[in-house]
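Read through the structure below, which is laid out as structure tokens, and then see the notes.
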Amino acid sequence: MKFKILKALDVAGLQVFDPVVRLICGENPPAQLKKILLFIGIPIVAIIASIFAWNYIAPRHTTKAGEVPTPGVVKDAASGIWTFHVRENQKAHDFLLTGEQREQALADVEARMAEIEPLAAAAKERVDTLEAQSKDAIDTEAGPLQEEYKALRTATRDAAKEREAALIAEAEALPTGNAAAREAFLKKVAEHEKLTETEKDELRAFKEHIDAAYAAKFPELEAARAEYNGLEEERQYLSKRLEYLTDGNQSIKITAEEQKLDELQAGFLMAEGGKDTLKAAEKVLSQQASIERIATSEYSRPWTFPDQILRSVWCVFVGFLIGSAIAIPLGVLCGLSRIFMAAITPFIALFKPVSPIVWLPIVFIIVGGFIADPTTAPVHPAFLSSAITVALCSLWPTLVNTALGVASVEKDHINVARVLRLGVFSRLFKIVLPSALPLIFAGLRISLGVGWMVLIAAELLSSSEGIGKFVWDMFNNGSSQTFAQMFVVVFVVGAIGLLLDRIMIVLQRSVSFDGAPTAL
Amino acid sequence: MAFLEMENVSVGFGPEGFRTEVLRDASLKVEKNEFISVIGFSGSGKSTLISLLAGLLTPDSGEIRLHGKKITKPGPHLGIVFQNYSLLPWLTVYGNVELAVKQAFPEHSRAERREHVERYIEMVKLTPAREKKPRELSGGMRQRVSLARTLSMQPEVLLMDEPLSALDALTRADLQDELIRIWEEDKRTVVLITNDVDEAVLLADRIVPLTMGPGATLGEEFAVSLPRPRDRTTLNTNSDFKHLRNEIIHTMTAMNKEAKKLRINQGLSMPDIQPIDYTAA
């Protein structure tokens with residue numbers, strides 16, 4: 001049992017937890033504890049330390065999108081993203097509800113609404129009083145300063161004017177042609193200008209002081225605001241739900257339209273005169289078409305972040321498949337034939353360093369040439385271009401590794417194949433490919449990592465739905481909340497990349513016959 | 001006409017002008033069901049010799065014939081056991097043997113093949129390790145698998161290229177006994193390459209020394225007239241055995257010395273100068 005778990009951890013590349021299992025099994029506790037401290041304790045300490053550092057540094061830099069979010073803000077943003085996702089799902093669900101279920105949901109929503117409205121009102125009141133309080137606090141703090149500032153400003157202005165008048169008077173008395181006197185006067189003017197500049201600086205510093213007083217933060221007020229915002233958002237969400245459970249509901253809409261249809265049909269039945277009958281018939285038909293449209297309509301759900309994550313994973317998977325489907329056969333041919341290798345090498349060398357940012361527009365245009373109308377196409381051209389870009393950027397490691405693996409089959413194994421007189425295909429499938437498999441998988445693993453990195457950029461550029469698009473939208477939105485959501489993206493992208501890599505490690509381990517540990 | 005014949009075979013490697021001749025005018029005759037042992041120092045071209053016999057290498061001149069027919073390419077009838085086992089690491093013991101059986105007897109039915117593979121795994125006493133991968137086996141066990149794989153093809157000639165040289169002394173002795181037993185059970189023509197004189201004397205009917213390379217050739221042979229079945233424990237006190245062994249060792253070391261002398265003679269020629277003794281002046 002113990003060894004099975006240890007083996008599983010090893011295969012999954014999670015040797016970090018090896019000492020934990022051993023400790024639970026009571027194997028040499030001091031040594032295991034030491035290992036746990038080193039391989040688990042220290043990373044945790046490092047993570048905590050970095051969170052503290054982040055928490056300390058972030059608020060000290062203010063951007064046009066607000067302050068750099070602290071870990072707490074990012075956490076809130078993450079839960080906000082999730083709430084949005086859940087609520088959108090609920091709305092889509094509500095849209096399709098019928099009969100008793102709809103009524104039940106309606107009752108629930110109304111009950112919650114009744115519960116929340118007084119809360120929201122109370123919160124609003126609290127915010128108002130706190131706002132008034134804080135305004136007072138600021139006024140008492142900043143009011144006198146403001147007065148002082150005004151006085152200072154007038155005083156300096158007057159002083160400057162006085163100096164200037166004195167200088168003018170002096171200048172009038174200045175004899176012409178006297179170089180020394182003129183020189184002295186020049187100095188005085190320079191002094192005056194310098195003094196004016198210093199005074200301006202003083203005033204500016206004072207003003208900043210006042211601004212700081214105005215910008216003072218009141219945690220209580222902010223908490224109250226956050227609470228109010230949360231309640232208000234929920235209220236809006238509930239009112240939306242109410243809409244989708246009543247007038248906006250599919251079944252309700254259809255019932256209403258069907259009623260209209262009945263009326264129209266009755267009208268048609270009784271219609272007299274050629275023109276009117278024709279008109280009535282046309283109305284009936286258009287009403288029928290409209291009911292059909294509603295029946296097949298869906299809730300127009302916006303893309304939420306979890307949807308976009310799934311979309312990105314799907315896209316990278318498609319790109320990775322395309323890339324591997326090209327790279328593995330080409331790599332095998334390269335490995336088998338020196339001529340082929342010589343022919344392909346320049347292409348590998350030339351295209352490998354090309355950035356996805358260059359590939360994407362080219363692929364976009366080419367794909368666009370095949371797909372005339374994106375709305376009727378089976379795959380969206382932006383999605384396809386992103387996937388192809390991923391393929392183009394990620395196929396090289398697989399190609400090179402496959403070629404290497406195939407070319408470096410052990411000579412002894414080739415001799416075995418010769419002695420056994422294996423045919424070309426048997427030799428390929430029974431000797432060459434199995435022997436190259438660990439290297440091929442190592443290449444695939446690197447490819448998937450590259451593909452995942454490239455994908456985000458490709459999506460951002462092609463505005464194909466996905467994580468990249470999400471980042472781009474958040475960037476263009478430019479509020480402090482969306483700024484925090486971009487931080488969430490960093491962690492999500494990292495976590496998914498890690499997960500993909502782990503999956504590839506497990507695959508690589510399962511095909512490697514030499515039992516050599518895979519690099520982490 | 002002998003069963004397996006090698007006639008004035010020469011082979012070399014390297015480009016024109018820098019060519020090293022490995023074998024020069026080597027000739028060998030092996031009768032049917034005879035056990036021949038070729039012994040030589042490392043680097044004398046033993047592996048090249050076996051590759052030639054297996055058809056993995058074509059000679060530059062001369063001919064190798066199996067019952068009168070020239071050997072041009074390798075095949076299951078020329079079974080070879082490699083020095084480093086050459087097992088396919090992604091296949092189990094069973095899989096490794098099965099691959100060979102499938103190629104050697106394509107006409108077998110599934111059940112026949114299974115029975116055949118299992119018989120040979122049993123012959124080398126590896127039935128309990130059937131489903132193991134080569135890396136889970138010890139060196140001795142791996143070489144048994146390699147032996148089973150080669151024997152399962154029922155080759156006309158069994159060629160062994162230092163099959164036991166990578167093993168420790170105890171395992172080696174064990175496998176030597178095993179080889180004797182298997183050969184007694186299933187007589188066939190064997191060419192064994194080795195660098196171990198005791199092993200050669202213990203196993204072979206005839207011992208052929210390979211002279212020092214480059215340009216090695218096969219030297220004068222020794223017939224081993226010791227009665228079979230041979231037993232290593234009694235052999236040590238056998239005077240014939242001791243005599244033969246000493247004779248071979250003597251020949252081999254003499255050959256080595258001669259080769260070294262030749263090599264020195266081929267070396268740099270010393271300038272014809274004498275140190276002058278100034279102290280006397």
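In the structure tokens, the first chain shown is A, the next is B, and so on; residue numbers restart at 1 for each chain, and ligands run from 1 in the order shown.
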Could you pull the residues within 12 Å of Ser61 of chain B, counting only C-alpha atoms, minus those fewer than 2 positions along the same chain, as an MDAnalysis selection string? chainID B and resid 6:12 21 23:27 52 57:59 63:64
Got a sec to pull out which chain A residues are within 12 Å of chain B, counting only C-alpha atoms, and send them as a ChimeraX atom specification? /A:409-423,426-427,430-438,510-516
What does the file look like for those residues with N, CA, C and O atoms, as a compact mmCIF listing (two decimals), in the first residue's frame?
```txt
# COMPACT_ATOMS: atom_id res chain seq x y z
N VAL A 409 18.22 5.54 -32.22
CA VAL A 409 17.88 4.19 -31.76
C VAL A 409 19.18 3.41 -31.61
O VAL A 409 20.07 3.51 -32.45
N GLU A 410 19.26 2.65 -30.53
CA GLU A 410 20.52 1.95 -30.26
C GLU A 410 20.87 1.00 -31.40
O GLU A 410 20.00 0.32 -31.95
N LYS A 411 22.15 0.96 -31.70
CA LYS A 411 22.60 0.14 -32.82
C LYS A 411 22.28 -1.34 -32.57
O LYS A 411 21.94 -2.07 -33.49
N ASP A 412 22.36 -1.74 -31.31
CA ASP A 412 22.06 -3.13 -30.97
C ASP A 412 20.62 -3.48 -31.33
O ASP A 412 20.33 -4.57 -31.80
N HIS A 413 19.73 -2.51 -31.07
CA HIS A 413 18.32 -2.78 -31.38
C HIS A 413 18.12 -2.90 -32.88
O HIS A 413 17.33 -3.72 -33.34
N ILE A 414 18.86 -2.08 -33.62
CA ILE A 414 18.78 -2.18 -35.07
C ILE A 414 19.31 -3.55 -35.52
O ILE A 414 18.74 -4.20 -36.39
N ASN A 415 20.40 -4.00 -34.87
CA ASN A 415 20.95 -5.31 -35.19
C ASN A 415 19.94 -6.41 -34.90
O ASN A 415 19.81 -7.36 -35.67
N VAL A 416 19.22 -6.26 -33.78
CA VAL A 416 18.18 -7.24 -33.46
C VAL A 416 17.16 -7.28 -34.59
O VAL A 416 16.77 -8.34 -35.06
N ALA A 417 16.76 -6.08 -35.02
CA ALA A 417 15.78 -6.00 -36.11
C ALA A 417 16.31 -6.68 -37.36
O ALA A 417 15.57 -7.36 -38.08
N ARG A 418 17.61 -6.52 -37.61
CA ARG A 418 18.18 -7.13 -38.81
C ARG A 418 18.21 -8.64 -38.70
O ARG A 418 17.88 -9.35 -39.64
N VAL A 419 18.60 -9.12 -37.50
CA VAL A 419 18.65 -10.56 -37.30
C VAL A 419 17.25 -11.15 -37.43
O VAL A 419 17.06 -12.21 -38.02
N LEU A 420 16.26 -10.43 -36.90
CA LEU A 420 14.89 -10.94 -36.97
C LEU A 420 14.27 -10.71 -38.34
O LEU A 420 13.16 -11.15 -38.58
N ARG A 421 14.99 -10.01 -39.19
CA ARG A 421 14.49 -9.68 -40.53
C ARG A 421 13.13 -9.01 -40.48
O ARG A 421 12.17 -9.43 -41.11
N LEU A 422 13.03 -7.97 -39.64
CA LEU A 422 11.78 -7.23 -39.56
C LEU A 422 11.61 -6.38 -40.81
O LEU A 422 12.59 -5.83 -41.32
N GLY A 423 10.37 -6.28 -41.29
CA GLY A 423 10.09 -5.45 -42.46
C GLY A 423 10.12 -3.99 -42.08
O GLY A 423 10.30 -3.65 -40.90
N SER A 426 7.31 -3.13 -39.53
CA SER A 426 7.55 -3.77 -38.23
C SER A 426 8.70 -3.09 -37.54
O SER A 426 8.67 -2.83 -36.34
N ARG A 427 9.74 -2.80 -38.30
CA ARG A 427 10.92 -2.17 -37.72
C ARG A 427 10.53 -0.81 -37.13
O ARG A 427 10.92 -0.48 -36.03
N LYS A 430 7.81 -1.58 -34.18
CA LYS A 430 8.20 -2.45 -33.07
C LYS A 430 9.54 -2.06 -32.47
O LYS A 430 9.83 -2.39 -31.32
N ILE A 431 10.40 -1.42 -33.22
CA ILE A 431 11.72 -1.07 -32.70
C ILE A 431 11.88 0.45 -32.60
O ILE A 431 12.11 1.00 -31.52
N VAL A 432 11.73 1.14 -33.72
CA VAL A 432 12.11 2.55 -33.77
C VAL A 432 11.19 3.42 -32.92
O VAL A 432 11.64 4.15 -32.04
N LEU A 433 9.88 3.31 -33.14
CA LEU A 433 8.98 4.19 -32.41
C LEU A 433 8.96 3.92 -30.90
O LEU A 433 9.07 4.86 -30.12
N PRO A 434 8.85 2.65 -30.47
CA PRO A 434 8.88 2.44 -29.02
C PRO A 434 10.16 2.99 -28.39
O PRO A 434 10.13 3.54 -27.29
N SER A 435 11.25 2.85 -29.11
CA SER A 435 12.50 3.29 -28.54
C SER A 435 12.59 4.82 -28.52
O SER A 435 13.23 5.40 -27.66
N ALA A 436 11.91 5.47 -29.48
CA ALA A 436 11.95 6.93 -29.53
C ALA A 436 10.87 7.56 -28.66
O ALA A 436 10.89 8.77 -28.41
N LEU A 437 9.93 6.75 -28.19
CA LEU A 437 8.76 7.28 -27.49
C LEU A 437 9.07 8.20 -26.31
O LEU A 437 8.48 9.27 -26.20
N PRO A 438 10.00 7.83 -25.42
CA PRO A 438 10.28 8.74 -24.30
C PRO A 438 10.73 10.12 -24.78
O PRO A 438 10.28 11.14 -24.26
N SER A 510 4.82 7.12 -18.10
CA SER A 510 4.18 5.84 -18.38
C SER A 510 4.73 5.21 -19.66
O SER A 510 4.61 4.01 -19.84
N VAL A 511 5.34 6.01 -20.55
CA VAL A 511 5.91 5.40 -21.75
C VAL A 511 7.42 5.19 -21.65
O VAL A 511 8.00 4.54 -22.49
N SER A 512 8.05 5.77 -20.62
CA SER A 512 9.50 5.64 -20.57
C SER A 512 9.86 4.32 -19.93
O SER A 512 9.35 3.96 -18.88
N PHE A 513 10.70 3.56 -20.60
CA PHE A 513 11.01 2.20 -20.17
C PHE A 513 12.31 2.15 -19.37
O PHE A 513 12.61 1.17 -18.74
N ASP A 514 13.07 3.24 -19.42
CA ASP A 514 14.37 3.17 -18.76
C ASP A 514 14.29 3.53 -17.29
O ASP A 514 15.25 3.40 -16.56
N GLY A 515 13.10 4.00 -16.85
CA GLY A 515 12.93 4.30 -15.44
C GLY A 515 13.70 5.50 -14.98
O GLY A 515 13.80 5.75 -13.79
N ALA A 516 14.22 6.28 -15.92
CA ALA A 516 14.98 7.45 -15.53
C ALA A 516 14.01 8.52 -15.05
O ALA A 516 12.94 8.68 -15.59
```
Distance query Ile249 of chain B at most 12 Å, only C-alpha atoms, self and fewer than 5 positions along chain excluded, as a list of chain:residue names: B:Ile39, B:Gly40, B:Phe41, B:Asn195, B:Asp196, B:Val197, B:Asp198, B:Ala200, B:Val201, B:Ile207, B:Pro209, B:Phe222, B:Lys242, B:His243, B:Leu244, B:Ala254, B:Met255, B:Asn256
Which neighbours of Ile138 of chain A fall inside 12 Å, counting only C-alpha atoms, when residues of the same chain fewer than 4 positions from it are skipped, and could you give them as a count of residues only? 19
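For the pair atom CA of Val390 of chain A and atom CA of Gly319 of chain A, the separation is 5.2 Å.
Within the 8 Å cut-off around Ala148 of chain B, using only C-alpha atoms and omitting residues fewer than 2 positions from it on the same chain, the listed residues are Val97, Tyr120, Ile121, Met123, Val124, Arg144, Val145, Ser146, Thr150, Leu151 and Ser152 of chain B.
Proximity to Tyr237 of chain A at 9 Å, evaluated using only C-alpha atoms and with sequence-adjacent residues fewer than 5 positions away removed, yields Arg87, Lys91, Glu232 and Leu242 of chain A.
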Polymer residues at most 10 Å from Thr389 of chain A, only C-alpha atoms, same-chain spacing of 3 or more positions, as a PDB file with C-alpha atoms, in the first residue's frame:
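File result.pdb, as written:
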```
ATOM      1  CA  VAL A 316      -4.551  24.795 -26.943  1.00  0.00           C
ATOM      2  CA  GLY A 319      -3.519  23.493 -31.670  1.00  0.00           C
ATOM      3  CA  PHE A 320      -1.399  20.914 -29.912  1.00  0.00           C
ATOM      4  CA  GLY A 323       1.072  20.544 -34.246  1.00  0.00           C
ATOM      5  CA  SER A 355       7.200  34.800 -32.707  1.00  0.00           C
ATOM      6  CA  PRO A 356       3.489  33.992 -32.499  1.00  0.00           C
ATOM      7  CA  ILE A 357       2.820  37.697 -32.961  1.00  0.00           C
ATOM      8  CA  VAL A 358       4.123  37.359 -36.513  1.00  0.00           C
ATOM      9  CA  TRP A 359       2.408  34.094 -37.329  1.00  0.00           C
ATOM     10  CA  LEU A 360      -1.007  35.123 -36.120  1.00  0.00           C
ATOM     11  CA  PRO A 361      -1.840  37.923 -38.577  1.00  0.00           C
ATOM     12  CA  ILE A 362      -0.619  35.796 -41.476  1.00  0.00           C
ATOM     13  CA  VAL A 363      -2.621  32.780 -40.367  1.00  0.00           C
ATOM     14  CA  PHE A 364      -5.591  35.020 -39.671  1.00  0.00           C
ATOM     15  CA  PHE A 383     -10.401  30.265 -32.886  1.00  0.00           C
ATOM     16  CA  LEU A 384      -8.926  28.338 -35.785  1.00  0.00           C
ATOM     17  CA  SER A 385      -6.197  30.924 -36.367  1.00  0.00           C
ATOM     18  CA  SER A 386      -5.262  30.862 -32.685  1.00  0.00           C
ATOM     19  CA  LEU A 392       3.097  26.542 -35.657  1.00  0.00           C
ATOM     20  CA  CYS A 393       4.923  27.747 -32.575  1.00  0.00           C
ATOM     21  CA  SER A 394       4.771  24.541 -30.587  1.00  0.00           C
ATOM     22  CA  GLY A 451       1.658  26.219 -26.860  1.00  0.00           C
ATOM     23  CA  VAL A 454       1.670  31.262 -27.118  1.00  0.00           C
ATOM     24  CA  LEU A 455      -2.070  30.761 -26.914  1.00  0.00           C
ATOM     25  CA  ALA A 457      -0.882  36.046 -26.813  1.00  0.00           C
ATOM     26  CA  ALA A 458      -2.665  34.661 -29.868  1.00  0.00           C
ATOM     27  CA  GLU A 459      -6.069  35.013 -28.263  1.00  0.00           C
TER      28      GLU A 459
END
```
Enumerate the residues of segment 60-278 of chain B with a DSSP assignment of helix (DSSP H, G or I), computed from the backbone, and present them as number ranges by chain. B: 93-104, 110-123, 127-129, 134-136, 139-152, 169-185, 197-203, 232-235, 239-266
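The gap separating atom CA of Glu222 of chain A from atom CA of Asp136 of chain A is 16.0 Å, in Å to one decimal.
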Taking the backbone alone, and naming residues the way the document does, which bits of segment 44-217 of chain B are strand (DSSP E or B) by DSSP, as number ranges by chain? B: 61-66, 69-70, 78-81, 157-161, 189-194, 206-210, 216
Would you write out those residues with N, CA and C atoms, as a PDB file, in the first residue's frame?
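Output (part.pdb):
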```
ATOM      1  N   SER B  61      37.010  -9.053 -48.484  1.00  0.00           N
ATOM      2  CA  SER B  61      37.379 -10.124 -49.412  1.00  0.00           C
ATOM      3  C   SER B  61      37.192 -11.446 -48.705  1.00  0.00           C
ATOM      4  N   GLY B  62      37.154 -12.522 -49.484  1.00  0.00           N
ATOM      5  CA  GLY B  62      36.907 -13.825 -48.896  1.00  0.00           C
ATOM      6  C   GLY B  62      35.416 -14.103 -48.818  1.00  0.00           C
ATOM      7  N   GLU B  63      35.069 -15.274 -48.273  1.00  0.00           N
ATOM      8  CA  GLU B  63      33.675 -15.699 -48.299  1.00  0.00           C
ATOM      9  C   GLU B  63      33.318 -16.435 -47.038  1.00  0.00           C
ATOM     10  N   ILE B  64      32.081 -16.326 -46.619  1.00  0.00           N
ATOM     11  CA  ILE B  64      31.583 -17.114 -45.503  1.00  0.00           C
ATOM     12  C   ILE B  64      30.393 -17.902 -46.014  1.00  0.00           C
ATOM     13  N   ARG B  65      30.415 -19.216 -45.759  1.00  0.00           N
ATOM     14  CA  ARG B  65      29.350 -20.053 -46.302  1.00  0.00           C
ATOM     15  C   ARG B  65      28.725 -20.890 -45.212  1.00  0.00           C
ATOM     16  N   LEU B  66      27.429 -21.021 -45.279  1.00  0.00           N
ATOM     17  CA  LEU B  66      26.706 -21.935 -44.398  1.00  0.00           C
ATOM     18  C   LEU B  66      26.207 -23.059 -45.285  1.00  0.00           C
ATOM     19  N   LYS B  69      26.331 -22.387 -48.898  1.00  0.00           N
ATOM     20  CA  LYS B  69      25.675 -21.201 -49.447  1.00  0.00           C
ATOM     21  C   LYS B  69      26.253 -19.950 -48.802  1.00  0.00           C
ATOM     22  N   LYS B  70      26.562 -18.981 -49.640  1.00  0.00           N
ATOM     23  CA  LYS B  70      27.203 -17.771 -49.142  1.00  0.00           C
ATOM     24  C   LYS B  70      26.248 -16.972 -48.237  1.00  0.00           C
ATOM     25  N   LEU B  78      20.739 -17.526 -38.294  1.00  0.00           N
ATOM     26  CA  LEU B  78      22.059 -17.227 -37.715  1.00  0.00           C
ATOM     27  C   LEU B  78      21.823 -16.519 -36.385  1.00  0.00           C
ATOM     28  N   GLY B  79      21.481 -17.319 -35.380  1.00  0.00           N
ATOM     29  CA  GLY B  79      21.111 -16.718 -34.091  1.00  0.00           C
ATOM     30  C   GLY B  79      22.310 -16.135 -33.384  1.00  0.00           C
ATOM     31  N   ILE B  80      22.169 -14.898 -32.937  1.00  0.00           N
ATOM     32  CA  ILE B  80      23.303 -14.268 -32.248  1.00  0.00           C
ATOM     33  C   ILE B  80      22.874 -13.787 -30.873  1.00  0.00           C
ATOM     34  N   VAL B  81      23.738 -14.059 -29.894  1.00  0.00           N
ATOM     35  CA  VAL B  81      23.531 -13.551 -28.532  1.00  0.00           C
ATOM     36  C   VAL B  81      24.539 -12.436 -28.335  1.00  0.00           C
ATOM     37  N   VAL B 157      22.904 -21.959 -36.628  1.00  0.00           N
ATOM     38  CA  VAL B 157      24.163 -21.703 -35.936  1.00  0.00           C
ATOM     39  C   VAL B 157      23.862 -20.769 -34.780  1.00  0.00           C
ATOM     40  N   LEU B 158      24.429 -21.075 -33.615  1.00  0.00           N
ATOM     41  CA  LEU B 158      24.263 -20.182 -32.472  1.00  0.00           C
ATOM     42  C   LEU B 158      25.574 -19.430 -32.280  1.00  0.00           C
ATOM     43  N   LEU B 159      25.508 -18.116 -32.447  1.00  0.00           N
ATOM     44  CA  LEU B 159      26.706 -17.296 -32.323  1.00  0.00           C
ATOM     45  C   LEU B 159      26.616 -16.518 -31.022  1.00  0.00           C
ATOM     46  N   MET B 160      27.660 -16.606 -30.209  1.00  0.00           N
ATOM     47  CA  MET B 160      27.609 -15.891 -28.939  1.00  0.00           C
ATOM     48  C   MET B 160      28.828 -14.982 -28.814  1.00  0.00           C
ATOM     49  N   ASP B 161      28.545 -13.682 -28.632  1.00  0.00           N
ATOM     50  CA  ASP B 161      29.611 -12.688 -28.572  1.00  0.00           C
ATOM     51  C   ASP B 161      29.873 -12.312 -27.123  1.00  0.00           C
ATOM     52  N   THR B 189      25.093 -26.237 -33.714  1.00  0.00           N
ATOM     53  CA  THR B 189      26.405 -25.673 -33.996  1.00  0.00           C
ATOM     54  C   THR B 189      26.561 -24.362 -33.232  1.00  0.00           C
ATOM     55  N   VAL B 190      27.682 -24.252 -32.484  1.00  0.00           N
ATOM     56  CA  VAL B 190      27.858 -23.051 -31.676  1.00  0.00           C
ATOM     57  C   VAL B 190      29.222 -22.438 -31.940  1.00  0.00           C
ATOM     58  N   VAL B 191      29.251 -21.109 -32.097  1.00  0.00           N
ATOM     59  CA  VAL B 191      30.524 -20.394 -32.067  1.00  0.00           C
ATOM     60  C   VAL B 191      30.456 -19.437 -30.898  1.00  0.00           C
ATOM     61  N   LEU B 192      31.339 -19.673 -29.922  1.00  0.00           N
ATOM     62  CA  LEU B 192      31.335 -18.843 -28.728  1.00  0.00           C
ATOM     63  C   LEU B 192      32.592 -17.985 -28.725  1.00  0.00           C
ATOM     64  N   ILE B 193      32.404 -16.688 -28.603  1.00  0.00           N
ATOM     65  CA  ILE B 193      33.546 -15.783 -28.499  1.00  0.00           C
ATOM     66  C   ILE B 193      33.770 -15.518 -27.027  1.00  0.00           C
ATOM     67  N   THR B 194      34.972 -15.607 -26.569  1.00  0.00           N
ATOM     68  CA  THR B 194      35.216 -15.350 -25.153  1.00  0.00           C
ATOM     69  C   THR B 194      36.631 -14.840 -24.932  1.00  0.00           C
ATOM     70  N   ARG B 206      36.526 -27.351 -29.587  1.00  0.00           N
ATOM     71  CA  ARG B 206      37.739 -26.877 -30.217  1.00  0.00           C
ATOM     72  C   ARG B 206      37.915 -25.419 -29.836  1.00  0.00           C
ATOM     73  N   ILE B 207      39.175 -25.012 -29.630  1.00  0.00           N
ATOM     74  CA  ILE B 207      39.421 -23.621 -29.265  1.00  0.00           C
ATOM     75  C   ILE B 207      40.322 -23.002 -30.316  1.00  0.00           C
ATOM     76  N   VAL B 208      39.892 -21.853 -30.846  1.00  0.00           N
ATOM     77  CA  VAL B 208      40.679 -21.186 -31.880  1.00  0.00           C
ATOM     78  C   VAL B 208      41.121 -19.836 -31.342  1.00  0.00           C
ATOM     79  N   PRO B 209      42.405 -19.605 -31.211  1.00  0.00           N
ATOM     80  CA  PRO B 209      42.851 -18.295 -30.745  1.00  0.00           C
ATOM     81  C   PRO B 209      42.852 -17.280 -31.880  1.00  0.00           C
ATOM     82  N   LEU B 210      42.509 -16.062 -31.515  1.00  0.00           N
ATOM     83  CA  LEU B 210      42.562 -14.968 -32.481  1.00  0.00           C
ATOM     84  C   LEU B 210      43.834 -14.193 -32.175  1.00  0.00           C
ATOM     85  N   ALA B 216      44.314  -9.092 -37.531  1.00  0.00           N
ATOM     86  CA  ALA B 216      44.305 -10.354 -36.798  1.00  0.00           C
ATOM     87  C   ALA B 216      43.891 -11.497 -37.709  1.00  0.00           C
TER      88      ALA B 216
END
```
